[in-house]
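So the structure is just underneath, and the comments pick up after that.
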Amino acid sequence: MARYLLRRLGFALLLVLVASSAALLLTRLAPGDFAAAQGLDLTSAQREQLRETLGLNQSLAEQYVSRLGGALRFDFGESMLYSRPVSALIGERALNTAVLATTALLLATIVGMPLGIYSGTSSGLGRAAVRMVSTVGVSIPPLIGSLGLVFLAARTGWFPVGGMTSSAGADVTWSAWLADLVRHLPLPALALALPLAAALEKLQSESIETSVHEPFVAASRARGVDRARVVLRHAWPASLRPVLGLYGLMIGGLFSGSFVVEVVTSWPGLGRLMFDALKARDLFLVAGCAATGAFFLAAGTLLADLLLAWTDPRVTSGDEA
Amino acid sequence: MIRRAGIVLASQTLVAVLAPLVAPYDAGEAFRGFLHAPPMRPHLEGLTPVVHPLVLTDLLESRFERDPSRTVRLPWMQRDNTAPVFLLGSDDFGRDVLSRLLYGARTSLGLSLIATLGSVVIGALAGAWAGYRGGWVGDAMMRVADLVLVLPVIYVVLVLRAVLPLVLPASTVFLLVAWILVAVGWPYVARGVRAIVAVERSRQYVQAAQSLGAGSFRILTVHLIPACAGHLLVQATLLLPAFILAEATLSFVGLGFPDPVASWGTMLAGAGNYNAIARFPWTLASAVAIFLVVLATNLIGARGRSA
Amino acid sequence: MNRQPRALLSVLLILVVGFLGWRAWNSARTDQEGGTELVVSDVSTRGGTLTSSLRSEPRSFNRLVEARVPTDLYSTLTGAKLVRINRATGEPEAGLAEKWTISPDNRTYTLTLREGLAWSDGAPFTSADVVFSLQAIYDAKAGSVLASAFKIDGKPIEVTAPDARTVVLTLPGTFGPGIALLDNLHLVPKHKYEAALKAGTFAHAMAVSTPPAELLSMGPFKLTSYAPGQRLAFDRNPHYFKKDAAGIQLPYLDQVIFEIVPDQNAEIVRLQAGQLDTLQQQVRPEDIGTLRPLEQQGRINLIEPGVSVDPDGFFFNMRAPYWSKDPRRDWITHKEFRQAISHAVDREAYANTVYLGAGVPVWGPITPGNKRWFTPNLQRYGHSVDRAKEILAGLGLVNRDADDWLEDPKGAEAQFSVLVFRGNTSVERGAQFLRDELKKAGVRVDVVALEQGAVIERMFKGDFESIFFVVLTSSLDPAMNADFWLSSGPSHFWNIGQPTPATDWEKQIDDLMVTVTTGVDEAERKKAFDDVQKIFADNLPALYFVAPRLYMGTSSRVGGVTPSILRPQLLWNVEQMTVTEDR
C-alpha cells in the first residue's frame, strides 16, 4: 500500500511539474508580453522600464531556472497583474473555487447517485423518466446551463445574478456573510452540478445494473436478505469502481475551477484567475495556476482510488494499469 | 445505430451546406434602424404568409411596435430592405438571428465535424499502431495520451488557444482551433482502439492475414481498424458535442472566431450582458441550438452504446 | 358641593390654555430658529454607506507611480490637494492651502497652508511634506508618472519651504493653466517615506499588500480594509480639515465601499438590484433602456453630466518613410483624402448606430462638453457622398473597372486597413460603420481587430496604416495635454516624437501652443487655441465623428452629487455625497 501511495505521489509531483513548466513555456512563447498587454497606459519608456523590473528580458532558461529555484523555496513569484505574491493570490481564489466545487459536488452526489441506484435497479416508467431527464441533463453543459440560469435569475430575481457575495459593509457578522454566500451559491453550483449529476446518474445506473446481476448478489437474495438491503449493502459498493473513477476526474476538474461558469457568473475563483492571467500574459501566475490545477487533478484521482480501496473489497493494492 | 448516427450527421451537414440558400439574409448584413428587433410572427393572408413590419418607437431603449396597417412578404419570396423580416429577431448590430443561426451552424458544425474526423483518424491510426506493434513508440504514445486524458479538456484548449496571438482572422482561427481540438481529442479514440487492437491481433483472421504475407499497414487498415468501427462511432458521438461546446466556449470568451463571423459561440458573446438576455431573449437562440444538437447526438450515442 | 366641580373646571381650563400656549410658543420659537439656520445640508443625511463599483484591482496605492483608475480613486478618497479644481465649475478652490499669491511675473506661487493640518496618524502636515512630494516626483529611481506633468519646458519646478506653513514654487517659465497645476500634485508624507526615497525603494512604497493602518490619509476617508478580488472599504477620516458652508465637518458619508466587479454587465445588474449605489464609470447607451423603467419607479437616477470630452478618433500613419514604396502614396497621405472621408461619413447615423442616438457629431478632438475651450467655428465637412466622390476624383480616384472600388491612374485600389482594439464595442462598431459608409464612396476598408497591446506596439513603431481608437483625456485645459498637440510629443499619435515638425501646419500648431502653454492672459490663450483647432480641422491629422453623451447611473438614495464630465464624474466630490437610509 505504501509503495502504491508513493508511486502515485510521485506521479502527482511529475504532473505538477510538467503542467507548470508547460504553462510557463507556452506563455513565454506567446506573442506579446505583459508590458505590451498594458496598452496605452504606459509610454514606450515606461514599458521598457517595466520589462526590466519584471525580468521579462531574461532568456527562457534563466527565467525557468530562477522560477524552479524559487519554487523549491516555496516562493512562486509575484503576479504582474495584481502585484501580489502568486501563492497568496492562488490561495484565496482556490478557496473560493473550493467552496463552489464542494457545493456542486454535494449537489451532484445527492441528486445523481440515488437516482442512479433507483433507475439501475428498477424498471418501467420511473426508470425511463429518470433516464430521459439524465440525457437532457448531460446535454446542458456548464456554458449553456449558466447562461440559462442567469436568464432565469435576471427575469425572476429568485437569486442574485453573479458574484460571490454582495457588500453590506466590510464588517459583517459571520452568519450574515454566510447567509449572503448561500444566496449566491445556487446559480454557479447548479450550472456545474446539473451535467455532473446527470453523468453520475448514468454511470451509477449502468454500473449497478451490472453488479446486481453478479453471483454474490443472487446468493444474498437466496439467503433471504431483503432487496433494499442487498442493493445498498452488496450491489452498490461493488458498482462503485467506475463511479469513483468519474469522481476522481470530477473533483480534479471542479477544484481547478471551471472558468466558463466563473466568467459568466463573476465568481472570483481559480479558473477565472487563470483565464485573466493567460490573457494578460502574467507568466508566473499562469504557471502557478497550472501547477495548482494539476495538483488538484492528481489529488482528485488519488482520492478516488483511496475511496475505492476503502469501499470495494475486491480491490487489492495492485496497480490497475 | 450506425444508420441513425449517419442520418443525424448527414442532416446537420446538409443544413450547414445549404445555409446560403436557406438563410434569408447574409450573416453580416446589418440593418441599422433595427437593433434588437423582436421576432416577427408570420400569419396567413389568404394563402401567403406575411408579417407586419416593425416601426422603431424608441432608439435608446430599442423599442419597436408592429405596424398593423402594412404587411410584408417573407424574404424568400420578396425582399424589401426597408422592412426586413426577422423571424427570430435581430441582434445588437441589427443582423437577422435566423440567418446567423444557419450560417453559424455551418461554422460551428463544420469545425466540429472536421475536428471529430481528424481525431478519429489520427486516434485510430495511433491507437492501432500502439496496440499492434507495441514497442516503446506505442508505449510513449499511450503515456502522452494518458497525460492528455487526465487534464480537463477545456483548459487545455483554452491554454493552447490563449498562447497564440489572441486576435486572428477567421480562416486562421478555423484551422488553428481545428488542430487544437484534434490534438486534444485523439487520445480518447486512441486508448480504446489500442485496447481493442491488442485483443484482436491475436485472433485467427489476423494471423491468417499475416501468414498470407500481408504487411502491417494492410492489416491495420483492412482488418484491425474496421474491427473498432463500433468504438470509433461511439467516440465520434461523444467528441462532436464536446467540440461544438469547445468552439462555443472559445468564441464566447473572445478567443474563437472574430465578431463579423457567425458561429454559435460568437452569437452568444453578446449574451454576457444579463440584461440583454432578459430584455432580448432571442439572442440566446444559439444556446438552444447547441443544446438541441448535443441532445440529439447524446440520444443517438446512448442508443448506440446500448445496442 | 357646587364649588368643587367649578374650581376643578377652572383649574383644568387654565391648564389646557397654558398647555396650548406653551405649544404655540414652542413652535413659534423653532420657526424663528429655522429662519436663521443656514440651509446647506440637512444634518439628518449625514452618515451612511455608499457602495460603488470598481472595474479593476489597484496595482499599488502609490499615486505617484501608478495612474490607473483604482489608484486614482484611492487617491481621490484619501488625498487632499493644496489647490483643487472644482470639476463642475472649472475654478480653483482652496484646499490644504488656504490662500495663495502669484508674483507679477507669473512664475512664483506662494501658498499659505491652513493651521492645524495633520495626517491621519496625528503627525502634522507641513510644507516639508510638499517639498518631499515634489522631490519624490522628480526622483529618477522612483520613476513617477507625474514627472512630465510637473516639468515646464523639460525643467523641474523649484520648491522651497520658508516656514512650516508656507510653500514657494518657482516655475522655470510661465505656465498657462497657472495654479491649476497643483490639481495634479498628489502629496505623500515625508515622515513615513523619506527613508524609502533615500534607499531607492519609493516605487514599492504603499504597495497593495501594505496593511491599511500603515497608509496615511489627508483626505475625507481612509482605507480600512482591502479584500483582494472583492472590495476596498474606506471609513470617514475624523481629522479631515474641510467643513461645509454650515460648518459641518466633511465628509457626510460614514463609509465608502468599492466592490470589485470586473464585468460591466454584472455592474448594471448589481445597480438594478440595489447592491451598488453608483458605478465607477458611465452607463453604456444599451444599458439605458434597462435602467429607464427603474428610473420611472424612482429607484434609480440617471444623471447627465454632459457631452463626453473623449470622442472616437481615427488617424492615418503620417510618417513619410512608411509610405515611400507604397503604390498609394500619391494620394493616401494627402489631406484631401481625409477630407473626403470626413464628407462620406454620416455623423448623425453614426450617433444612432453606435451610441443609440446618445451622441453629438464632432469635427475635432475638442467636443462641446469642454465648454471653455470648444470652438464651434470650425470647418465642418457636411455629409455628402457626392462631394466625397468629387474630391476623390480630384485625387485621381475613379472607378475604372467593374467592381465597387475606386482606382487611381496607376491602378492601385482605394483601400486601407484600420486597426482597432478588440473588446471595445463602441470603437469596433465605429470602425465597422466607417467601413460601411466608405463603401458607398467606393473606398474599401479592412477592419483589423487586435489586442490592445499589439495595437499600441504597432502605433509606437509606426507600423500601421490607420488606427481607430479613443484617447481618454484627464484635463480640459489643452496645456495639460501638450503631448498630443506638439509635434515632438509622445502622444502625437499620427507621427510620434518628431525632432522637428514634418509639415508647415504642424510647425504652426507648435508655435501657437507656446502661447497656450505659457501665456497667462486667458483671452490670448483661447484665441491661440481656437487657431490651433482651425488648423487641425483644415488638415485633419485625425478625424473625429461623434462624442457620446455621458449618463451616470446612481441609486435614488444617493444625493449631494456634483456631476462633472471628467472622470471620476461623480466621485471627484465624494466628500459632499450623501445617502438616505430609507428608500
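In the C-alpha cells, each chain is lettered A, B, ... as it comes, each chain's residues begin at 1, and ligands are numbered from 1 in order of appearance.
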
Could you find all residues in segment 6-184 of chain B that DSSP calls strand (DSSP E or B) from the backbone, and write them as an MDAnalysis selection string? chainID B and resid 30 43:45 48:51 54:58 63:66 72:73 90 95:96

Chain B residues within 9 Å of chain A, counting only C-alpha atoms: which ones, as a PyMOL selection string? chain B and resi 147+150-152+154-155+158-160+162-166+241+245+248-249+253+271-272+274-275+277-279+281+284+287-288+290-299+302

Could you please tell me, as a ChimeraX atom specification, which residues of chain C have an atom within 7 Å of chain B when using only C-alpha atoms? /C:265,285-286,288-290,353,356-357,449-451

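With the cut-off set to 7 Å and only C-alpha atoms counted, chain C residues close to chain A are Arg59, Ser209, Gly229, Ala233, Ile257, Ala266, Gln275, Gln452, Gly453, Ala454, Ile456 and Glu457 of chain C.
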
Same residues, N, CA and C atoms, output as an mmCIF file, in the first residue's frame:
data_model
loop_
_atom_site.group_PDB
_atom_site.id
_atom_site.type_symbol
_atom_site.label_atom_id
_atom_site.label_comp_id
_atom_site.auth_asym_id
_atom_site.auth_seq_id
_atom_site.Cartn_x
_atom_site.Cartn_y
_atom_site.Cartn_z
ATOM 1 N N ARG C 59 -3.099 48.305 -8.519
ATOM 2 C CA ARG C 59 -1.794 47.645 -8.574
ATOM 3 C C ARG C 59 -0.889 48.179 -7.494
ATOM 4 N N SER C 209 -0.055 45.321 -0.668
ATOM 5 C CA SER C 209 -0.004 44.427 0.477
ATOM 6 C C SER C 209 0.183 45.181 1.782
ATOM 7 N N GLY C 229 -9.656 41.137 -4.871
ATOM 8 C CA GLY C 229 -10.644 40.465 -5.694
ATOM 9 C C GLY C 229 -12.058 40.771 -5.256
ATOM 10 N N ALA C 233 -12.674 49.031 1.426
ATOM 11 C CA ALA C 233 -13.577 49.744 2.324
ATOM 12 C C ALA C 233 -12.855 50.952 2.902
ATOM 13 N N ILE C 257 -17.605 52.086 0.081
ATOM 14 C CA ILE C 257 -17.108 50.753 -0.254
ATOM 15 C C ILE C 257 -17.027 50.621 -1.762
ATOM 16 N N ALA C 266 -22.231 42.717 -15.052
ATOM 17 C CA ALA C 266 -22.529 42.411 -13.656
ATOM 18 C C ALA C 266 -22.761 43.700 -12.872
ATOM 19 N N GLN C 275 -27.617 46.626 -4.998
ATOM 20 C CA GLN C 275 -26.399 46.277 -4.276
ATOM 21 C C GLN C 275 -25.318 47.318 -4.473
ATOM 22 N N GLN C 452 -5.148 44.986 -27.502
ATOM 23 C CA GLN C 452 -4.711 46.338 -27.165
ATOM 24 C C GLN C 452 -3.208 46.482 -27.272
ATOM 25 N N GLY C 453 -2.491 45.552 -26.640
ATOM 26 C CA GLY C 453 -1.031 45.638 -26.607
ATOM 27 C C GLY C 453 -0.445 45.639 -28.003
ATOM 28 N N ALA C 454 -0.997 44.808 -28.866
ATOM 29 C CA ALA C 454 -0.462 44.736 -30.221
ATOM 30 C C ALA C 454 -0.683 46.041 -30.971
ATOM 31 N N ILE C 456 -0.990 49.048 -29.694
ATOM 32 C CA ILE C 456 -0.116 50.078 -29.127
ATOM 33 C C ILE C 456 1.315 49.917 -29.623
ATOM 34 N N GLU C 457 1.785 48.674 -29.613
ATOM 35 C CA GLU C 457 3.148 48.425 -30.103
ATOM 36 C C GLU C 457 3.311 48.957 -31.504
#

One decimal, in Å: what's the spacing between atom CA of Val360 of chain C and atom CA of Leu571 of chain C? 25.0 Å

Once DSSP has gone over the backbone, tell me which residues of segment 117-257 of chain B are in alpha helix (DSSP H), as a ChimeraX atom specification. /B:117-133,135-150,153-162,170-200,204-211,216-218,225-227,229-252

Selection export as a tab-separated table (two decimals), in the first residue's frame, atoms kept: C-alpha atoms:
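out11.tsv written:
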chain	number	residue	atom	x	y	z
B	117	LEU	CA	-12.98	13.32	-38.22
B	118	GLY	CA	-9.39	14.31	-37.60
B	119	SER	CA	-9.44	12.98	-34.06
B	120	VAL	CA	-10.95	9.70	-35.16
B	121	VAL	CA	-8.49	9.17	-37.99
B	122	ILE	CA	-5.40	10.13	-36.05
B	123	GLY	CA	-6.60	8.42	-32.89
B	124	ALA	CA	-7.40	5.23	-34.76
B	125	LEU	CA	-4.05	5.13	-36.52
B	126	ALA	CA	-2.09	5.92	-33.39
B	127	GLY	CA	-4.02	3.54	-31.18
B	128	ALA	CA	-3.94	0.75	-33.69
B	129	TRP	CA	-0.21	1.13	-34.17
B	130	ALA	CA	0.37	1.11	-30.42
B	131	GLY	CA	-1.85	-1.91	-29.97
B	132	TYR	CA	-0.47	-3.88	-32.87
B	133	ARG	CA	3.23	-3.18	-32.81
B	135	GLY	CA	7.22	-1.28	-28.52
B	136	TRP	CA	8.46	1.89	-26.99
B	137	VAL	CA	6.81	4.08	-29.60
B	138	GLY	CA	3.42	2.66	-28.75
B	139	ASP	CA	4.08	2.96	-25.05
B	140	ALA	CA	5.27	6.52	-25.34
B	141	MET	CA	2.19	7.42	-27.39
B	142	MET	CA	-0.06	5.96	-24.76
B	143	ARG	CA	1.72	7.77	-21.97
B	144	VAL	CA	1.16	11.04	-23.80
B	145	ALA	CA	-2.45	10.05	-24.36
B	146	ASP	CA	-2.89	9.30	-20.68
B	147	LEU	CA	-1.44	12.65	-19.76
B	148	VAL	CA	-3.82	14.49	-22.06
B	149	LEU	CA	-6.76	12.46	-20.81
B	150	VAL	CA	-6.11	13.42	-17.25
B	153	VAL	CA	-10.21	19.33	-21.89
B	154	ILE	CA	-11.48	22.84	-21.97
B	155	TYR	CA	-8.48	24.07	-20.03
B	156	VAL	CA	-6.01	22.59	-22.41
B	157	VAL	CA	-7.93	24.06	-25.32
B	158	LEU	CA	-8.01	27.43	-23.60
B	159	VAL	CA	-4.31	27.45	-22.82
B	160	LEU	CA	-3.31	26.33	-26.29
B	161	ARG	CA	-5.53	28.94	-27.88
B	162	ALA	CA	-4.58	31.71	-25.50
B	170	ALA	CA	-11.39	33.93	-39.24
B	171	SER	CA	-9.78	31.43	-41.58
B	172	THR	CA	-6.72	31.15	-39.37
B	173	VAL	CA	-8.90	30.67	-36.34
B	174	PHE	CA	-10.73	27.87	-38.08
B	175	LEU	CA	-7.58	25.91	-38.84
B	176	LEU	CA	-5.99	26.65	-35.52
B	177	VAL	CA	-8.96	25.64	-33.42
B	178	ALA	CA	-9.48	22.54	-35.54
B	179	TRP	CA	-5.90	21.46	-34.90
B	180	ILE	CA	-6.16	22.17	-31.20
B	181	LEU	CA	-9.33	20.11	-30.96
B	182	VAL	CA	-7.74	17.23	-32.82
B	183	ALA	CA	-4.71	17.42	-30.53
B	184	VAL	CA	-6.99	17.14	-27.54
B	185	GLY	CA	-9.40	14.60	-28.99
B	186	TRP	CA	-7.21	11.85	-30.43
B	187	PRO	CA	-6.24	10.27	-27.07
B	188	TYR	CA	-9.86	9.40	-26.33
B	189	VAL	CA	-10.05	7.45	-29.54
B	190	ALA	CA	-6.56	6.02	-29.36
B	191	ARG	CA	-6.91	4.47	-25.97
B	192	GLY	CA	-9.96	2.45	-26.83
B	193	VAL	CA	-8.58	1.45	-30.21
B	194	ARG	CA	-5.37	0.26	-28.68
B	195	ALA	CA	-7.23	-1.91	-26.18
B	196	ILE	CA	-9.35	-3.47	-28.92
B	197	VAL	CA	-6.44	-3.99	-31.27
B	198	ALA	CA	-4.34	-5.53	-28.54
B	199	VAL	CA	-7.00	-8.19	-28.18
B	200	GLU	CA	-7.83	-8.57	-31.85
B	204	GLN	CA	-7.10	-16.10	-36.09
B	205	TYR	CA	-8.08	-13.92	-39.00
B	206	VAL	CA	-5.21	-11.60	-38.29
B	207	GLN	CA	-2.77	-14.45	-38.02
B	208	ALA	CA	-4.11	-15.80	-41.25
B	209	ALA	CA	-3.57	-12.49	-42.96
B	210	GLN	CA	-0.05	-12.31	-41.59
B	211	SER	CA	0.77	-15.79	-42.81
B	216	SER	CA	1.31	-4.25	-41.15
B	217	PHE	CA	-0.32	-1.32	-42.83
B	218	ARG	CA	-2.74	-3.52	-44.71
B	225	ILE	CA	-9.32	-0.63	-37.58
B	226	PRO	CA	-12.62	-1.74	-39.06
B	227	ALA	CA	-12.94	-4.04	-36.07
B	229	ALA	CA	-15.83	0.64	-36.00
B	230	GLY	CA	-18.34	0.47	-33.20
B	231	HIS	CA	-15.99	2.10	-30.76
B	232	LEU	CA	-15.00	4.75	-33.28
B	233	LEU	CA	-18.58	5.72	-33.90
B	234	VAL	CA	-19.35	5.89	-30.22
B	235	GLN	CA	-16.32	8.09	-29.68
B	236	ALA	CA	-17.37	10.29	-32.58
B	237	THR	CA	-20.76	10.85	-30.97
B	238	LEU	CA	-19.01	11.79	-27.76
B	239	LEU	CA	-16.45	14.06	-29.35
B	240	LEU	CA	-18.80	16.01	-31.60
B	241	PRO	CA	-20.83	17.70	-28.88
B	242	ALA	CA	-17.70	18.30	-26.84
B	243	PHE	CA	-16.11	20.08	-29.79
B	244	ILE	CA	-19.19	22.14	-30.52
B	245	LEU	CA	-19.10	23.21	-26.94
B	246	ALA	CA	-15.38	23.95	-27.03
B	247	GLU	CA	-15.83	26.24	-30.03
B	248	ALA	CA	-18.78	27.93	-28.36
B	249	THR	CA	-16.79	28.48	-25.19
B	250	LEU	CA	-13.79	29.89	-27.00
B	251	SER	CA	-15.88	32.24	-29.11
B	252	PHE	CA	-17.90	33.25	-26.08

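As for atom CA of Phe315 of chain C and atom CA of Met459 of chain C, they are spaced 10.7 Å apart.
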
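Within 8 Å of segment 400-408 of chain C, once only C-alpha atoms are used and residues closer than 6 positions along the same chain are dropped, the contacting residues are Ala414, Lys439, Gly442, Val443 and Arg444 of chain C.
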
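The interatomic distance for the pair atom CA of Gly110 of chain B and atom CA of Pro38 of chain B works out to 28.6 Å.
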
List as a PDB file with C-alpha atoms, in the first residue's frame the protein and nucleic acid residues near Val212 of chain A, meaning an atom at most 10 Å away when only C-alpha atoms are counted, but skip any in the same chain fewer than 2 places from it.
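Contents of selection-v2.pdb, as written:
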ATOM      1  CA  GLY A 120     -30.447   0.918 -12.305  1.00  0.00           C
ATOM      2  CA  THR A 121     -32.424  -1.415 -10.111  1.00  0.00           C
ATOM      3  CA  SER A 207     -22.807   0.090 -13.149  1.00  0.00           C
ATOM      4  CA  ILE A 208     -25.283  -1.053 -10.553  1.00  0.00           C
ATOM      5  CA  GLU A 209     -27.317  -2.755 -13.216  1.00  0.00           C
ATOM      6  CA  THR A 210     -24.299  -4.934 -13.913  1.00  0.00           C
ATOM      7  CA  GLU A 214     -23.369 -10.682 -10.021  1.00  0.00           C
ATOM      8  CA  PRO A 215     -23.497 -14.069  -8.401  1.00  0.00           C
ATOM      9  CA  PHE A 216     -22.812 -12.860  -4.887  1.00  0.00           C
ATOM     10  CA  VAL A 217     -25.879 -10.665  -5.039  1.00  0.00           C
ATOM     11  CA  ALA A 218     -28.036 -13.593  -6.093  1.00  0.00           C
ATOM     12  CA  VAL A 230     -28.970  -6.313  -0.872  1.00  0.00           C
ATOM     13  CA  VAL A 231     -28.833  -3.403  -3.244  1.00  0.00           C
ATOM     14  CA  HIS A 234     -23.831  -5.567  -1.554  1.00  0.00           C
ATOM     15  CA  ALA A 235     -24.555  -4.419  -5.059  1.00  0.00           C
ATOM     16  CA  TRP A 236     -23.850  -0.769  -4.594  1.00  0.00           C
ATOM     17  CA  ALA A 238     -19.392  -3.314  -5.918  1.00  0.00           C
ATOM     18  CA  SER A 239     -20.680  -0.884  -8.509  1.00  0.00           C
TER      19      SER A 239
END

Find the spatial neighbours of segment 11-24 of chain B, counting only C-alpha atoms, within a cut-off of 7 Å - ignore same-chain residues fewer than 5 positions away - and output them as a VMD selection string. chain B and resid 75 to 76 99 102 to 103 105 to 106

Using only C-alpha atoms, which residues sit within 9 Å of Val188 of chain C once same-chain residues fewer than 5 positions away are excluded, as a VMD selection string? chain C and resid 62 64 79 129 to 130 132 to 133 136 193 216 to 217

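Take the candidates A:Phe159, A:Val261, A:Leu115, A:Leu246 and check each one against Val182 of chain A using only C-alpha atoms; the shortest distance goes to A:Phe159.
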